[in-house]
Amino acid sequence: EPEVTQTPSHQVTQMGQEVILRCVPISNHLYFYWYRQILGQKVEFLVSFYNNEISEKSEIFDDQFSVERPDGSNFTLKIRSTKLEDSAMYFCASSALRENEQFFGPGTRLTVL
Amino acid sequence: AQTVTQSQPEMSVQEAETVTLSCTYDTSESDYYLFWYKQPPSRQMILVIRQEAYKQQNATENRFSVNFQKAAKSFSLKISDSQLGDAAMYFCAYNGGATNKLIFGTGTLLAVQP
């Protein structure tokens, strides 16, 4: 069964460093998303991506964040200069159509020290 | 703005019994989708069930079913014959209107007692 994969599973970084979180969405899906979940809190939307451009972003997704689909399979989230409050679980998701269910990857746990 | 509310932070059920998790939402849209996701301790987000607002029939997936009350903006999840593996955090989520993002509730932590 096709699934969304994410690497790494856990990333530890120093405050101010850049991190890149990687995702491989399900191959025939067209819509891609990043969400984050701070420990003990609800899942929050960051950004959606379609047709090689951002279709929607939240207030959280400021200039420190960027997304890219560098090839036909990968979908990345970059945080340019990490802050302590960026520590969270980051989930990638994909869907075939806009209104279809979104399938989530296993997440990347980001720890900023 | 759309919101999703889960008023039960924690619930407990005996194995083999039935439990219902509550969810209410607020929207001015007429066409939207509702979901229940399960998050076990591994923190993977697993889709449990989906409901299209235009469908009057309640969705079912094996032991999982929903009670969708559009007028009341209520979307509860019923788990029948609860199993130990059902223990997890359950999130209700909304998707609708011009946006394609999921809006999540705060979750209900379900414990299953043997």
# chains A, B, ... in the order shown; residues from 1 in each chain; ligands from 1
$ closest_atom_pairs --of "range 25-95 of chain B" --to "range 26-48 of chain A" --cutoff "10 Å" --atoms "only C-alpha atoms" --output "Markdown table"
| residue | atom | partner | partner_atom | distance |
| --- | --- | --- | --- | --- |
| B:Arg43 | CA | A:Gln37 | CA | 9.7 |
| B:Met45 | CA | A:Val43 | CA | 9.8 |
| B:Phe91 | CA | A:Lys42 | CA | 8.2 |
| B:Ala93 | CA | A:Val43 | CA | 9.6 |
$ write_last_selection --atoms "all heavy atoms" --output "compact mmCIF listing (two decimals), in the first residue's frame"
# COMPACT_ATOMS: atom_id res chain seq x y z
N ARG B 43 2.72 8.47 17.35
CA ARG B 43 2.41 9.82 16.84
C ARG B 43 2.11 9.85 15.34
O ARG B 43 1.95 10.92 14.78
CB ARG B 43 3.48 10.83 17.23
CG ARG B 43 3.61 10.99 18.74
CD ARG B 43 4.48 12.14 19.15
NE ARG B 43 3.82 13.41 18.91
CZ ARG B 43 4.41 14.59 19.13
NH1 ARG B 43 5.64 14.64 19.57
NH2 ARG B 43 3.75 15.72 18.90
N MET B 45 -0.26 9.82 12.25
CA MET B 45 -1.65 10.25 12.06
C MET B 45 -2.31 9.28 11.08
O MET B 45 -1.92 9.20 9.92
CB MET B 45 -1.71 11.66 11.50
CG MET B 45 -1.18 12.72 12.45
SD MET B 45 -2.26 13.02 13.84
CE MET B 45 -3.60 13.90 13.04
N PHE B 91 -8.39 12.77 16.79
CA PHE B 91 -8.61 14.15 16.36
C PHE B 91 -9.72 14.21 15.33
O PHE B 91 -9.75 13.44 14.36
CB PHE B 91 -7.34 14.72 15.71
CG PHE B 91 -6.21 14.96 16.66
CD1 PHE B 91 -5.19 14.05 16.80
CD2 PHE B 91 -6.17 16.13 17.42
CE1 PHE B 91 -4.15 14.27 17.68
CE2 PHE B 91 -5.12 16.36 18.30
CZ PHE B 91 -4.11 15.42 18.43
N ALA B 93 -11.36 16.55 12.37
CA ALA B 93 -10.80 17.56 11.47
C ALA B 93 -11.81 17.97 10.41
O ALA B 93 -12.65 17.17 10.00
CB ALA B 93 -9.54 17.03 10.80
$ residues_around --residues "Glu3 in chain A" --least-positions-apart "6" --cutoff "10 Å" --atoms "only C-alpha atoms" --output "VMD selection string"
chain A and resid 24 to 27 93 to 94 103 to 106
$ write_last_selection --atoms "N, CA and C atoms" --output "mmCIF file, in the first residue's frame"
data_model
loop_
_atom_site.group_PDB
_atom_site.id
_atom_site.type_symbol
_atom_site.label_atom_id
_atom_site.label_comp_id
_atom_site.auth_asym_id
_atom_site.auth_seq_id
_atom_site.Cartn_x
_atom_site.Cartn_y
_atom_site.Cartn_z
ATOM 1 N N VAL A 24 8.491 12.231 1.004
ATOM 2 C CA VAL A 24 8.149 11.674 -0.301
ATOM 3 C C VAL A 24 6.656 11.371 -0.267
ATOM 4 N N PRO A 25 5.858 12.203 -0.939
ATOM 5 C CA PRO A 25 4.398 11.966 -0.948
ATOM 6 C C PRO A 25 4.045 10.714 -1.749
ATOM 7 N N ILE A 26 2.807 10.325 -1.662
ATOM 8 C CA ILE A 26 2.301 9.218 -2.472
ATOM 9 C C ILE A 26 2.374 9.630 -3.944
ATOM 10 N N SER A 27 2.823 8.706 -4.802
ATOM 11 C CA SER A 27 3.312 9.081 -6.128
ATOM 12 C C SER A 27 2.272 9.733 -7.035
ATOM 13 N N ALA A 93 1.887 15.620 4.489
ATOM 14 C CA ALA A 93 0.688 14.907 4.041
ATOM 15 C C ALA A 93 0.510 15.133 2.548
ATOM 16 N N SER A 94 -0.237 14.231 1.923
ATOM 17 C CA SER A 94 -0.553 14.418 0.513
ATOM 18 C C SER A 94 -1.964 13.932 0.235
ATOM 19 N N PHE A 103 -3.294 11.926 3.465
ATOM 20 C CA PHE A 103 -2.548 10.839 4.081
ATOM 21 C C PHE A 103 -1.263 11.407 4.664
ATOM 22 N N PHE A 104 -1.030 11.070 5.909
ATOM 23 C CA PHE A 104 0.089 11.648 6.639
ATOM 24 C C PHE A 104 1.290 10.716 6.673
ATOM 25 N N GLY A 105 2.461 11.310 6.673
ATOM 26 C CA GLY A 105 3.678 10.572 6.930
ATOM 27 C C GLY A 105 3.854 10.341 8.418
ATOM 28 N N PRO A 106 4.897 9.623 8.801
ATOM 29 C CA PRO A 106 5.113 9.286 10.214
ATOM 30 C C PRO A 106 5.626 10.449 11.054
#
$ interface_residues --of "chain B" --to "chain A" --cutoff "8 Å" --atoms "only C-alpha atoms" --output "list in words"
Tyr33, Phe35, Arg43, Gln44, Met45, Ile46, Leu47, Arg50, Asn95, Gly96, Thr99, Asn100, Lys101, Leu102, Ile103, Phe104, Gly105, Thr106 and Gly107 of chain B
$ write_last_selection --atoms "C-alpha atoms" --output "PDB file, in the first residue's frame"
ATOM      1  CA  TYR B  33     -15.627  17.272   4.593  1.00  0.00           C
ATOM      2  CA  PHE B  35     -12.573  13.388   9.249  1.00  0.00           C
ATOM      3  CA  ARG B  43       2.408   9.816  16.839  1.00  0.00           C
ATOM      4  CA  GLN B  44       1.574   8.631  13.328  1.00  0.00           C
ATOM      5  CA  MET B  45      -1.649  10.250  12.063  1.00  0.00           C
ATOM      6  CA  ILE B  46      -3.966   7.534  10.748  1.00  0.00           C
ATOM      7  CA  LEU B  47      -7.214   8.295   8.925  1.00  0.00           C
ATOM      8  CA  ARG B  50     -14.388  10.477   6.378  1.00  0.00           C
ATOM      9  CA  ASN B  95     -11.828  20.660   5.379  1.00  0.00           C
ATOM     10  CA  GLY B  96     -14.039  22.950   3.363  1.00  0.00           C
ATOM     11  CA  THR B  99      -9.250  26.221   1.656  1.00  0.00           C
ATOM     12  CA  ASN B 100      -7.796  22.738   1.406  1.00  0.00           C
ATOM     13  CA  LYS B 101      -6.142  22.735   4.790  1.00  0.00           C
ATOM     14  CA  LEU B 102      -7.331  20.510   7.599  1.00  0.00           C
ATOM     15  CA  ILE B 103      -8.497  22.269  10.739  1.00  0.00           C
ATOM     16  CA  PHE B 104      -8.089  20.025  13.750  1.00  0.00           C
ATOM     17  CA  GLY B 105      -9.733  19.882  17.132  1.00  0.00           C
ATOM     18  CA  THR B 106      -7.698  19.575  20.308  1.00  0.00           C
ATOM     19  CA  GLY B 107      -8.128  15.821  20.480  1.00  0.00           C
TER      20      GLY B 107
END
$ residues_around --residues "Phe65 in chain A" --least-positions-apart "2" --cutoff "10 Å" --atoms "only C-alpha atoms" --output "PyMOL selection string"
chain A and resi 18-20+46-47+60-63+67+77-82
$ write_last_selection --atoms "C-alpha atoms" --output "PDB file, in the first residue's frame"
ATOM      1  CA  GLU A  18      19.028  25.704   9.178  1.00  0.00           C
ATOM      2  CA  VAL A  19      17.156  22.435   8.893  1.00  0.00           C
ATOM      3  CA  ILE A  20      15.582  20.678   5.943  1.00  0.00           C
ATOM      4  CA  LEU A  46       1.585  25.287   7.952  1.00  0.00           C
ATOM      5  CA  VAL A  47       1.384  25.272   4.169  1.00  0.00           C
ATOM      6  CA  ILE A  60       3.026  30.373  11.411  1.00  0.00           C
ATOM      7  CA  PHE A  61       4.633  30.012   7.986  1.00  0.00           C
ATOM      8  CA  ASP A  62       6.705  33.179   8.043  1.00  0.00           C
ATOM      9  CA  ASP A  63       9.832  34.159   6.102  1.00  0.00           C
ATOM     10  CA  VAL A  67       8.966  24.640   0.779  1.00  0.00           C
ATOM     11  CA  LEU A  77      10.349  22.037   4.325  1.00  0.00           C
ATOM     12  CA  LYS A  78      13.245  24.329   5.189  1.00  0.00           C
ATOM     13  CA  ILE A  79      13.532  26.370   8.345  1.00  0.00           C
ATOM     14  CA  ARG A  80      16.277  28.935   7.807  1.00  0.00           C
ATOM     15  CA  SER A  81      17.163  29.909  11.363  1.00  0.00           C
ATOM     16  CA  THR A  82      15.569  27.666  13.924  1.00  0.00           C
TER      17      THR A  82
END
$ atom_distance --atom1 "CA of Val12 in chain A" --atom2 "CA of Lys83 in chain A"
12.0 Å
$ atom_distance --atom1 "CA of Tyr94 in chain B" --atom2 "CA of Val13 in chain B"
25.6 Å
$ atom_distance --atom1 "CA of Met11 in chain B" --atom2 "CA of Phe68 in chain B"
20.0 Å
$ residues_around --residues "Ala72 in chain B" --least-positions-apart "2" --cutoff "12 Å" --atoms "only C-alpha atoms" --output "list in words"
Cys23, Thr24, Tyr25, Asp26, Thr27, Asn67, Phe68, Gln69, Lys70, Ser74, Phe75 and Ser76 of chain B
$ residues_around --residues "Ile79 in chain B" --least-positions-apart "6" --cutoff "10 Å" --atoms "only C-alpha atoms" --output "list of chain:residue names"
B:Val13, B:Ala16, B:Glu17, B:Thr18, B:Val19, B:Thr20, B:Leu21, B:Glu61, B:Asn62, B:Arg63, B:Phe64, B:Ser65, B:Val66, B:Asp86
$ select_by_dssp --residues "chain B" --states "strand (DSSP E or B)" --output "ChimeraX atom specification"
/B:3-5,10-14,19-21,24-26,32-39,46-52,60-61,64-69,74-79,88-96,103-104,108-113
